[in-house]
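S.K.: The structure under discussion is supplied below as structure tokens; questions concerning it will follow.
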Amino acid sequence: MKIGFIGCGHMGAALAAAAAKGEKKPTMLFANRTAAKAEQLAERIGGSVCENEQLVRQSDFAET
């Protein structure tokens, strides 16, 4: 499953961290107004950084 997170602030990061702890770790996509913040989260949790539109097209579930 691919989960997308638009917004990588405190709430987005907390939700992504919780999703990463599940038994079946999903593929995660991150998008943020500030690309550096999305890159930091992707590096810390694991995942890829992309633009909003690409994230929505590729994700099975997107959280904004």
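Residue numbering restarts at 1 for every chain of the structure tokens, chains are lettered A, B, ... in their displayed order, and ligands are numbered from 1 as they appear.
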Find the residues near stretch 54-63 of chain A: any atom within 7 Å, counting only C-alpha atoms, skip ones fewer than 4 places away on the same chain, and give them as a list in words.
M.R.: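 So, after excluding close chain neighbours, the residues are Met1, Lys2, Ile3, Gly4, Phe5, Ile6, Leu29 and Cys50 of chain A.
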S.K.: Can I get the selected residues back with all heavy atoms, as a PDB file, in the first residue's frame?
M.R.:
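Output contents, as saved in part-v7.pdb:
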```pdb
ATOM      1  N   MET A   1       0.843  -1.166   0.000  1.00  0.00           N
ATOM      2  CA  MET A   1       0.000   0.000   0.000  1.00  0.00           C
ATOM      3  C   MET A   1       0.895   1.238   0.000  1.00  0.00           C
ATOM      4  O   MET A   1       1.907   1.272   0.672  1.00  0.00           O
ATOM      5  CB  MET A   1      -0.883   0.004   1.242  1.00  0.00           C
ATOM      6  CG  MET A   1      -1.681   1.290   1.346  1.00  0.00           C
ATOM      7  SD  MET A   1      -2.588   1.531   2.884  1.00  0.00           S
ATOM      8  CE  MET A   1      -3.873   0.358   2.692  1.00  0.00           C
ATOM      9  N   LYS A   2       0.497   2.260  -0.732  1.00  0.00           N
ATOM     10  CA  LYS A   2       1.198   3.544  -0.763  1.00  0.00           C
ATOM     11  C   LYS A   2       0.354   4.581  -0.036  1.00  0.00           C
ATOM     12  O   LYS A   2      -0.810   4.761  -0.344  1.00  0.00           O
ATOM     13  CB  LYS A   2       1.422   4.014  -2.200  1.00  0.00           C
ATOM     14  CG  LYS A   2       2.492   3.267  -2.934  1.00  0.00           C
ATOM     15  CD  LYS A   2       2.725   3.904  -4.285  1.00  0.00           C
ATOM     16  CE  LYS A   2       3.758   3.126  -5.054  1.00  0.00           C
ATOM     17  NZ  LYS A   2       3.976   3.705  -6.370  1.00  0.00           N
ATOM     18  N   ILE A   3       0.983   5.226   0.945  1.00  0.00           N
ATOM     19  CA  ILE A   3       0.311   6.286   1.700  1.00  0.00           C
ATOM     20  C   ILE A   3       1.041   7.591   1.428  1.00  0.00           C
ATOM     21  O   ILE A   3       2.272   7.652   1.512  1.00  0.00           O
ATOM     22  CB  ILE A   3       0.320   6.006   3.211  1.00  0.00           C
ATOM     23  CG1 ILE A   3      -0.395   4.689   3.506  1.00  0.00           C
ATOM     24  CG2 ILE A   3      -0.355   7.147   3.966  1.00  0.00           C
ATOM     25  CD1 ILE A   3      -0.369   4.300   4.961  1.00  0.00           C
ATOM     26  N   GLY A   4       0.299   8.619   1.085  1.00  0.00           N
ATOM     27  CA  GLY A   4       0.871   9.927   0.810  1.00  0.00           C
ATOM     28  C   GLY A   4       0.549  10.918   1.909  1.00  0.00           C
ATOM     29  O   GLY A   4      -0.563  10.925   2.440  1.00  0.00           O
ATOM     30  N   PHE A   5       1.519  11.742   2.244  1.00  0.00           N
ATOM     31  CA  PHE A   5       1.353  12.780   3.267  1.00  0.00           C
ATOM     32  C   PHE A   5       1.653  14.133   2.650  1.00  0.00           C
ATOM     33  O   PHE A   5       2.790  14.390   2.253  1.00  0.00           O
ATOM     34  CB  PHE A   5       2.292  12.527   4.454  1.00  0.00           C
ATOM     35  CG  PHE A   5       1.983  11.269   5.195  1.00  0.00           C
ATOM     36  CD1 PHE A   5       2.557  10.066   4.818  1.00  0.00           C
ATOM     37  CD2 PHE A   5       1.100  11.281   6.254  1.00  0.00           C
ATOM     38  CE1 PHE A   5       2.264   8.894   5.493  1.00  0.00           C
ATOM     39  CE2 PHE A   5       0.796  10.112   6.932  1.00  0.00           C
ATOM     40  CZ  PHE A   5       1.382   8.912   6.552  1.00  0.00           C
ATOM     41  N   ILE A   6       0.642  14.969   2.546  1.00  0.00           N
ATOM     42  CA  ILE A   6       0.826  16.334   2.072  1.00  0.00           C
ATOM     43  C   ILE A   6       0.886  17.198   3.322  1.00  0.00           C
ATOM     44  O   ILE A   6      -0.104  17.342   4.041  1.00  0.00           O
ATOM     45  CB  ILE A   6      -0.319  16.785   1.147  1.00  0.00           C
ATOM     46  CG1 ILE A   6      -0.344  15.905  -0.101  1.00  0.00           C
ATOM     47  CG2 ILE A   6      -0.153  18.254   0.779  1.00  0.00           C
ATOM     48  CD1 ILE A   6      -1.504  16.192  -1.041  1.00  0.00           C
ATOM     49  N   LEU A  29       4.948   8.403   0.598  1.00  0.00           N
ATOM     50  CA  LEU A  29       5.280   9.537  -0.249  1.00  0.00           C
ATOM     51  C   LEU A  29       5.027  10.806   0.550  1.00  0.00           C
ATOM     52  O   LEU A  29       4.030  10.903   1.272  1.00  0.00           O
ATOM     53  CB  LEU A  29       4.413   9.537  -1.509  1.00  0.00           C
ATOM     54  CG  LEU A  29       4.493   8.289  -2.381  1.00  0.00           C
ATOM     55  CD1 LEU A  29       3.425   8.352  -3.469  1.00  0.00           C
ATOM     56  CD2 LEU A  29       5.865   8.168  -2.995  1.00  0.00           C
ATOM     57  N   CYS A  50       7.844  13.933  -3.399  1.00  0.00           N
ATOM     58  CA  CYS A  50       7.310  14.269  -4.718  1.00  0.00           C
ATOM     59  C   CYS A  50       6.405  15.494  -4.597  1.00  0.00           C
ATOM     60  O   CYS A  50       6.197  16.021  -3.511  1.00  0.00           O
ATOM     61  CB  CYS A  50       6.562  13.083  -5.316  1.00  0.00           C
ATOM     62  SG  CYS A  50       5.230  12.459  -4.310  1.00  0.00           S
TER      63      CYS A  50
END
```
S.K.: If you run DSSP over the backbone, which residues in chain A end up strand (DSSP E)? Put them as a list in words.
M.R.: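 Assigned to strand (DSSP E), within chain A: Lys2, Ile3, Gly4, Phe5, Ile6, Thr27, Met28, Leu29, Phe30, Ala31, Ser48, Val49, Phe61, Ala62 and Glu63 of chain A.
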S.K.: Would you pick out the contacts of stretch 13-19 of chain A at 12 Å or less, using only C-alpha atoms, so that residues sharing its chain but fewer than 3 positions from it are not included, and give the list as number ranges by chain?
M.R.: A: 1-10, 22-32, 37-47, 61-64
S.K.: Write out as a list in words the set of residues from chain A that DSSP, computed on the backbone, places in alpha helix (DSSP H).
M.R.: His10, Met11, Gly12, Ala13, Ala14, Leu15, Ala16, Ala17, Ala18, Ala19, Ala20, Ala35, Ala36, Lys37, Ala38, Glu39, Gln40, Leu41, Ala42, Glu43, Arg44, Ile45, Asn52, Glu53, Gln54, Leu55, Val56, Arg57 and Gln58 of chain A
S.K.: Please produce an output containing C-alpha atoms for each residue in the selection, written as a PDB file, in the first residue's frame.
M.R.:
```pdb
ATOM      1  CA  HIS A  10       4.228  17.996  13.474  1.00  0.00           C
ATOM      2  CA  MET A  11       0.914  16.307  12.666  1.00  0.00           C
ATOM      3  CA  GLY A  12       1.993  14.861   9.309  1.00  0.00           C
ATOM      4  CA  ALA A  13       5.237  13.576  10.802  1.00  0.00           C
ATOM      5  CA  ALA A  14       3.390  11.981  13.739  1.00  0.00           C
ATOM      6  CA  LEU A  15       0.943  10.218  11.426  1.00  0.00           C
ATOM      7  CA  ALA A  16       3.762   9.023   9.156  1.00  0.00           C
ATOM      8  CA  ALA A  17       5.773   7.732  12.127  1.00  0.00           C
ATOM      9  CA  ALA A  18       2.743   5.799  13.390  1.00  0.00           C
ATOM     10  CA  ALA A  19       2.150   4.289   9.938  1.00  0.00           C
ATOM     11  CA  ALA A  20       5.814   3.263   9.737  1.00  0.00           C
ATOM     12  CA  ALA A  35      10.902  20.529   0.101  1.00  0.00           C
ATOM     13  CA  ALA A  36      13.683  20.294   2.711  1.00  0.00           C
ATOM     14  CA  LYS A  37      11.152  19.408   5.418  1.00  0.00           C
ATOM     15  CA  ALA A  38       9.708  16.592   3.290  1.00  0.00           C
ATOM     16  CA  GLU A  39      13.221  15.344   2.498  1.00  0.00           C
ATOM     17  CA  GLN A  40      14.158  15.253   6.191  1.00  0.00           C
ATOM     18  CA  LEU A  41      11.048  13.270   7.068  1.00  0.00           C
ATOM     19  CA  ALA A  42      11.538  10.860   4.175  1.00  0.00           C
ATOM     20  CA  GLU A  43      15.127  10.266   5.264  1.00  0.00           C
ATOM     21  CA  ARG A  44      14.162   9.748   8.908  1.00  0.00           C
ATOM     22  CA  ILE A  45      11.156   7.467   8.340  1.00  0.00           C
ATOM     23  CA  ASN A  52       1.334  17.177  -4.483  1.00  0.00           C
ATOM     24  CA  GLU A  53      -0.235  16.138  -7.781  1.00  0.00           C
ATOM     25  CA  GLN A  54       2.112  13.188  -8.254  1.00  0.00           C
ATOM     26  CA  LEU A  55       1.540  12.104  -4.648  1.00  0.00           C
ATOM     27  CA  VAL A  56      -2.238  12.060  -5.069  1.00  0.00           C
ATOM     28  CA  ARG A  57      -2.032  10.099  -8.328  1.00  0.00           C
ATOM     29  CA  GLN A  58       0.341   7.475  -6.951  1.00  0.00           C
TER      30      GLN A  58
END
```
